[in-house]
Each structure stands twice: as structure tokens, then as C-alpha cells.
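Undergrad: Just one file: final-v8.pdb, with PDB, C-alpha atoms and all ligand atoms.
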ATOM      1  CA  MET R   1      -0.284  30.535  74.872
ATOM      2  CA  ALA R   2      -1.180  26.865  75.323
ATOM      3  CA  LEU R   3       1.188  24.274  73.890
ATOM      4  CA  SER R   4      -1.563  22.960  71.615
ATOM      5  CA  GLN R   5      -1.943  26.430  70.069
ATOM      6  CA  LEU R   6       1.809  26.681  69.540
ATOM      7  CA  LEU R   7       1.790  23.344  67.762
ATOM      8  CA  GLU R   8      -1.199  24.211  65.570
ATOM      9  CA  PRO R   9       0.780  25.653  62.603
ATOM     10  CA  ASP R  10       3.153  22.662  62.789
ATOM     11  CA  ARG R  11       0.230  20.256  62.581
ATOM     12  CA  ARG R  12      -1.227  22.179  59.656
ATOM     13  CA  PHE R  13       1.986  22.168  57.615
ATOM     14  CA  MET R  14       2.555  18.512  58.479
ATOM     15  CA  GLN R  15      -0.804  17.826  56.814
ATOM     16  CA  SER R  16       0.659  19.320  53.615
ATOM     17  CA  ALA R  17       3.690  17.030  53.980
ATOM     18  CA  LEU R  18       1.326  14.076  54.505
ATOM     19  CA  HIS R  19      -0.511  15.066  51.338
ATOM     20  CA  GLN R  20       2.824  14.853  49.506
ATOM     21  CA  ALA R  21       3.413  11.411  51.068
ATOM     22  CA  GLN R  22       0.017  10.337  49.731
ATOM     23  CA  MET R  23       1.104  11.439  46.227
ATOM     24  CA  ALA R  24       4.222   9.253  46.549
ATOM     25  CA  LEU R  25       2.036   6.334  47.608
ATOM     26  CA  GLU R  26      -0.162   6.731  44.540
ATOM     27  CA  LYS R  27       2.972   6.388  42.383
ATOM     28  CA  GLY R  28       4.000   3.187  44.165
ATOM     29  CA  GLU R  29       6.776   4.977  46.040
ATOM     30  CA  VAL R  30       7.573   4.614  49.741
ATOM     31  CA  PRO R  31       5.181   7.274  51.121
ATOM     32  CA  VAL R  32       7.322  10.135  52.411
ATOM     33  CA  GLY R  33       6.486  13.803  51.828
ATOM     34  CA  ALA R  34       8.044  17.146  52.715
ATOM     35  CA  VAL R  35       7.366  20.879  52.521
ATOM     36  CA  VAL R  36       9.577  23.893  53.240
ATOM     37  CA  VAL R  37       7.875  26.848  54.925
ATOM     38  CA  ARG R  38       8.950  30.448  55.301
ATOM     39  CA  ASP R  39       6.840  33.210  56.850
ATOM     40  CA  ARG R  40       3.912  30.785  57.018
ATOM     41  CA  HIS R  41       4.022  30.112  53.284
ATOM     42  CA  ILE R  42       5.009  26.872  51.580
ATOM     43  CA  ILE R  43       7.914  27.663  49.256
ATOM     44  CA  GLY R  44       8.910  24.110  48.297
ATOM     45  CA  ARG R  45       7.221  20.728  48.100
ATOM     46  CA  GLY R  46       8.487  17.233  47.426
ATOM     47  CA  HIS R  47       7.660  13.575  47.673
ATOM     48  CA  ASN R  48       9.774  10.487  47.353
ATOM     49  CA  LEU R  49      10.534   9.663  43.690
ATOM     50  CA  VAL R  50      13.416   7.198  44.052
ATOM     51  CA  GLU R  51      11.702   4.462  42.017
ATOM     52  CA  SER R  52      10.120   6.729  39.371
ATOM     53  CA  LEU R  53      13.409   8.500  38.669
ATOM     54  CA  GLN R  54      15.656   5.540  39.562
ATOM     55  CA  ASP R  55      17.615   8.080  41.564
ATOM     56  CA  PRO R  56      18.741   7.316  45.128
ATOM     57  CA  THR R  57      18.947  11.047  45.885
ATOM     58  CA  ALA R  58      15.286  11.713  44.974
ATOM     59  CA  HIS R  59      14.086  11.783  48.587
ATOM     60  CA  ALA R  60      11.146  14.052  49.501
ATOM     61  CA  GLU R  61      13.368  16.440  51.489
ATOM     62  CA  MET R  62      15.954  16.831  48.697
ATOM     63  CA  ILE R  63      13.235  17.697  46.177
ATOM     64  CA  ALA R  64      11.541  20.138  48.596
ATOM     65  CA  ILE R  65      14.879  21.820  49.410
ATOM     66  CA  THR R  66      15.748  22.237  45.719
ATOM     67  CA  ALA R  67      12.286  23.694  45.034
ATOM     68  CA  ALA R  68      12.567  26.119  47.975
ATOM     69  CA  CYS R  69      16.025  27.279  46.853
ATOM     70  CA  GLN R  70      14.600  27.926  43.400
ATOM     71  CA  THR R  71      11.742  29.946  44.939
ATOM     72  CA  LEU R  72      14.128  32.079  47.002
ATOM     73  CA  GLU R  73      16.856  32.079  44.325
ATOM     74  CA  SER R  74      19.266  31.289  47.132
ATOM     75  CA  LYS R  75      21.431  28.349  48.194
ATOM     76  CA  PHE R  76      20.522  29.059  51.840
ATOM     77  CA  LEU R  77      17.153  28.502  53.479
ATOM     78  CA  THR R  78      17.702  30.703  56.512
ATOM     79  CA  GLY R  79      14.442  31.389  58.361
ATOM     80  CA  CYS R  80      12.793  28.260  56.962
ATOM     81  CA  THR R  81      11.224  25.201  58.582
ATOM     82  CA  LEU R  82      11.230  21.845  56.827
ATOM     83  CA  TYR R  83       8.320  19.486  57.545
ATOM     84  CA  VAL R  84       8.798  15.840  56.662
ATOM     85  CA  THR R  85       6.637  12.854  57.490
ATOM     86  CA  LEU R  86       9.589  10.575  58.361
ATOM     87  CA  GLU R  87      12.800  11.327  60.238
ATOM     88  CA  PRO R  88      15.444  12.305  57.635
ATOM     89  CA  CYS R  89      18.263   9.992  56.532
ATOM     90  CA  PRO R  90      21.976  11.020  56.694
ATOM     91  CA  MET R  91      21.897  12.486  53.161
ATOM     92  CA  CYS R  92      18.833  14.661  53.775
ATOM     93  CA  ALA R  93      19.926  15.754  57.261
ATOM     94  CA  GLY R  94      23.264  16.755  55.698
ATOM     95  CA  ALA R  95      21.495  18.715  52.960
ATOM     96  CA  MET R  96      19.454  20.558  55.618
ATOM     97  CA  VAL R  97      22.649  21.571  57.420
ATOM     98  CA  ASN R  98      24.204  22.721  54.127
ATOM     99  CA  ALA R  99      21.043  24.715  53.353
ATOM    100  CA  ARG R 100      21.200  26.348  56.847
ATOM    101  CA  ILE R 101      17.577  25.472  57.573
ATOM    102  CA  ASP R 102      16.468  26.908  60.946
ATOM    103  CA  ARG R 103      14.044  24.268  62.034
ATOM    104  CA  LEU R 104      12.992  20.695  61.287
ATOM    105  CA  CYS R 105       9.638  19.125  62.171
ATOM    106  CA  PHE R 106       9.362  15.439  61.445
ATOM    107  CA  GLY R 107       6.641  12.851  61.999
ATOM    108  CA  ALA R 108       7.593   9.219  62.540
ATOM    109  CA  PHE R 109      10.973   8.132  63.873
ATOM    110  CA  ASP R 110      13.125   5.979  61.585
ATOM    111  CA  SER R 111      15.111   3.456  63.609
ATOM    112  CA  LYS R 112      16.923   2.216  60.474
ATOM    113  CA  ALA R 113      18.255   5.494  59.026
ATOM    114  CA  GLY R 114      17.044   8.393  61.186
ATOM    115  CA  SER R 115      19.685  11.100  61.433
ATOM    116  CA  ALA R 116      17.902  13.708  63.533
ATOM    117  CA  SER R 117      18.109  11.602  66.739
ATOM    118  CA  SER R 118      17.536   7.865  66.139
ATOM    119  CA  LEU R 119      20.881   6.733  64.637
ATOM    120  CA  TYR R 120      22.752   9.997  64.235
ATOM    121  CA  SER R 121      22.179  13.603  65.264
ATOM    122  CA  ILE R 122      23.467  15.306  62.143
ATOM    123  CA  THR R 123      20.903  18.110  62.503
ATOM    124  CA  HIS R 124      22.331  19.262  65.827
ATOM    125  CA  ASP R 125      25.924  18.037  65.893
ATOM    126  CA  GLN R 126      27.999  20.825  67.439
ATOM    127  CA  ARG R 127      31.017  19.797  65.337
ATOM    128  CA  LEU R 128      29.236  20.923  62.168
ATOM    129  CA  ASN R 129      28.965  24.579  61.224
ATOM    130  CA  HIS R 130      25.173  24.804  61.572
ATOM    131  CA  GLN R 131      22.632  23.376  64.012
ATOM    132  CA  ILE R 132      18.908  22.929  63.457
ATOM    133  CA  ASP R 133      16.090  23.060  66.034
ATOM    134  CA  VAL R 134      14.258  19.753  65.865
ATOM    135  CA  VAL R 135      10.647  18.941  66.770
ATOM    136  CA  SER R 136       9.778  15.241  66.482
ATOM    137  CA  GLY R 137       6.612  13.176  66.445
ATOM    138  CA  VAL R 138       4.312  15.723  64.750
ATOM    139  CA  GLU R 139       1.303  13.745  63.425
ATOM    140  CA  ALA R 140       3.552  10.671  63.671
ATOM    141  CA  GLN R 141       0.606   8.291  63.784
ATOM    142  CA  GLN R 142      -0.659   9.280  60.322
ATOM    143  CA  SER R 143       2.801   8.924  58.831
ATOM    144  CA  GLU R 144       3.317   5.515  60.425
ATOM    145  CA  THR R 145      -0.057   4.305  59.181
ATOM    146  CA  LEU R 146       0.798   5.303  55.584
ATOM    147  CA  LEU R 147       4.178   3.539  55.768
ATOM    148  CA  ARG R 148       2.791   0.438  57.469
ATOM    149  CA  ASP R 149      -0.008   0.055  54.905
ATOM    150  CA  PHE R 150       2.472   0.528  52.043
ATOM    151  CA  PHE R 151       4.833  -2.191  53.254
ATOM    152  CA  LYS R 152       1.973  -4.526  54.142
ATOM    153  CA  GLN R 153       0.575  -4.099  50.625
ATOM    154  CA  ARG R 154       3.982  -4.619  49.025
ATOM    155  CA  ARG R 155       4.583  -7.855  50.922
ATOM    156  CA  LYS R 156       1.331  -9.220  49.497
ATOM    157  CA  MET R 157       2.474  -8.705  45.893
ATOM    158  CA  PRO R 158       4.216 -11.527  44.006
ATOM    159  CA  THR R 159       7.987 -10.973  43.938
ATOM    160  CA  ALA R 160       8.040 -10.290  40.195
ATOM    161  CA  LEU R 161       5.594  -7.401  40.549
ATOM    162  CA  THR R 162       7.633  -5.644  43.220
ATOM    163  CA  ASP R 163      10.556  -5.341  40.800
ATOM    164  CA  LYS R 164       9.870  -2.530  38.338
ATOM    165  CA  SER R 165      12.562  -3.700  35.933
ATOM    166  CA  LEU R 166      10.650  -6.940  35.494
ATOM    167  CA  ILE R 167       7.380  -5.118  34.818
ATOM    168  CA  SER R 168       8.817  -2.926  32.072
ATOM    169  CA  ALA R 169      10.884  -5.744  30.510
TER     170      ALA R 169
HETATM  171 ZN    ZN N 201      16.701  11.150  52.860
END
Any chance you could give the structure as C-alpha cells?
TA:
Amino acid sequence: MALSQLLEPDRRFMQSALHQAQMALEKGEVPVGAVVVRDRHIIGRGHNLVESLQDPTAHAEMIAITAACQTLESKFLTGCTLYVTLEPCPMCAGAMVNARIDRLCFGAFDSKAGSASSLYSITHDQRLNHQIDVVSGVEAQQSETLLRDFFKQRRKMPTALTDKSLISA
């Protein structure tokens, strides 16, 4: 089978993750989205809600993992692939190891916090009790474009409007 055919399902599920990222964007959140897939079915979805919930743990991956665990009624996500538009941070990569996820597909690399190769390799550190197969750069361009547009837009806003606490005050 050609490599492009092998990558086809990954591209398709990454589109679902990108759709989640778009939903984050529409809420004024940094656009990152994730889905958890098992047996070619999406069993958990999530997008970044850090600002909306004022919760630093409300990353797309954390929300998708929690949703998938609820679907399976299990604390382990064995046999699952997590798709996320941006390389996971240390917290999310750690959660993936704890959840025993089989496989991770991510889009854009994150040079500032990436923990699946860029800064750390938490997903495949042999010292930990679980290692994850990692595929990087899936539809990375689309993810990067979303992020770039978001930050460009945010820089244009007056300082007061970028601080939610000032808007609601
Ligand atoms: Zn994270």
C-alpha cells in the first residue's frame, strides 16, 4: 500500500481535530483541537478552553482524554490514537502516558513547550512505564495557519481587550 493511502485515515481524523481547533478559535481561545480514535471511531473530542474555564489544565488533549475515558468507562485508552493539531505540552504528554494511549498524531511542532520531540520526549521516554508511537507533521500547515492568524489578530487588539478580566469588570 502506498504511503499516501496509509496516511489517509490520519489526515481524515486530523481534519476533525482541526474542526475542534476552529471551535476554540471562535471562543477566542488559542486554536488547538484534539480527538481520540478507537477502531476508526471518534470516542472523545476536545478543544482548548483555558480562558473560558480559567483553568490551566483545560487543554484540548486533556478534555478529549477525559471524554474518551468516559466513553470507554475505563482509565486506560489502550488501542487508541490521539490526534491533536499542536504538539502536546508536558502535562498532556504525561496524561497520554498515564492513559496508555497507543499512538499520537500531531500537526504543528511547538518549539516552546512540545513534549513529543521538540523540548522533551515524554511520549517515548524509555524510563517511563509506557511508550507511545508518534507521527508528527500531519496537516501541520493548516494548524500553523490557524495559530498564526490567531496571534496576529490578538496583537492587533488594544491591550485592554486582550485581558478578559478587564472586559468583564
Ligand atoms: Zn497541553
Undergrad: What's the 12 Å shell around Leu77 (chain R), counting all atoms listed in the file, without same-chain residues fewer than 4 positions away, as a ChimeraX atom specification?
TA: /R:36-39,43-44,64-73,81-82,95-104,130,132
Undergrad: Do a neighbour search on region 146-148 of chain R at 10 Å with only C-alpha atoms, toss out local chain neighbours closer than 3 positions, and write the hits as a ChimeraX atom specification.
TA: /R:18,21-22,25,30-32,85-86,108,141-143,151-154
Undergrad: Which residues form the shell of 6 Å around ligand ZN 201 (chain N) when you count all atoms listed in the file, given as a PyMOL selection string?
TA: chain R and resi 59+88-89+91-92
Undergrad: Grab the residues selected above and save them as a tab-separated table (two decimals), keeping the file's coordinate frame with C-alpha atoms.
TA:
chain	number	residue	atom	x	y	z
R	59	HIS	CA	14.09	11.78	48.59
R	88	PRO	CA	15.44	12.30	57.64
R	89	CYS	CA	18.26	9.99	56.53
R	91	MET	CA	21.90	12.49	53.16
R	92	CYS	CA	18.83	14.66	53.78
Undergrad: Hey, what's within 9 Å of Ser136 (chain R) if we count all atoms listed in the file and toss same-chain stuff fewer than 6 positions away? As a list in words, please?
TA: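 Returned residues: Glu87, Leu104, Cys105, Phe106, Gly107, Ala108, Phe109 and Ala116 of chain R.
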Undergrad: If I take CA of Val134 (chain R) and CA of Ala24 (chain R), how far is one from the other in Å, to one decimal?
TA: 24.2 Å
Undergrad: Using all atoms of region 102-121 of chain R that appear in the file, construct an axis-aligned enclosing box with 6 Å of padding on every side and provide its centre coordinates and edge lengths in Å, rounded to one decimal, as lines of an AutoDock Vina configuration file.
TA:
center_x = 14.7
center_y = 14.6
center_z = 62.9
size_x = 28.1
size_y = 36.7
size_z = 19.7
Undergrad: By how many Å are CA of Ala93 (chain R) and CA of Thr145 (chain R) apart?
TA: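 About the pair CA of Ala93 (chain R) and CA of Thr145 (chain R): they are 23.1 Å apart.
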Undergrad: What residues come out when you apply the PyMOL selection byres (((chain R and resi 17) around 9) and not hetatm) to this file, written as a PyMOL selection string?
TA: chain R and resi 13-16+18-22+32-35+45-47+83-85
Undergrad: When you count all atoms listed in the file, which of these residues is closest to Gly114 (chain R): R:Gly94, R:Lys75, R:Gln126, R:Gln54?
TA: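 Once distances to Gly114 (chain R) are computed over all atoms listed in the file, the minimum belongs to R:Gly94.
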Undergrad: Work out how far apart CA of Pro9 (chain R) and CA of Gly137 (chain R) are and give it in Å to one decimal.
TA: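 Calculated distance between CA of Pro9 (chain R) and CA of Gly137 (chain R) is 14.3 Å.
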Undergrad: Between R:Glu61, R:Asn129, R:Ser118, R:Ala113, which one has atoms that come closest to Leu49 (chain R), using all atoms listed in the file?
TA: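 Answer, going by the shortest atom-to-atom distance: R:Glu61.
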Undergrad: I'd like to know which of R:Arg12, R:Ser74, R:His124, R:Pro90 is closest to Lys112 (chain R), using all atoms listed in the file.
TA: R:Pro90
Undergrad: Tell me which of R:Gly28, R:Arg127, R:Lys156, R:Val135 sits closest to Asp10 (chain R), counting all atoms listed in the file.
TA: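 Once distances to Asp10 (chain R) are computed over all atoms listed in the file, the minimum belongs to R:Val135.
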Undergrad: Rank nothing, just name the residue among R:Asp149, R:Glu29, R:Asp133, R:Glu139 nearest to Glu51 (chain R), using only C-alpha atoms.
TA: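 Ranking R:Asp149, R:Glu29, R:Asp133, R:Glu139 by distance to Glu51 (chain R), first place goes to R:Glu29.
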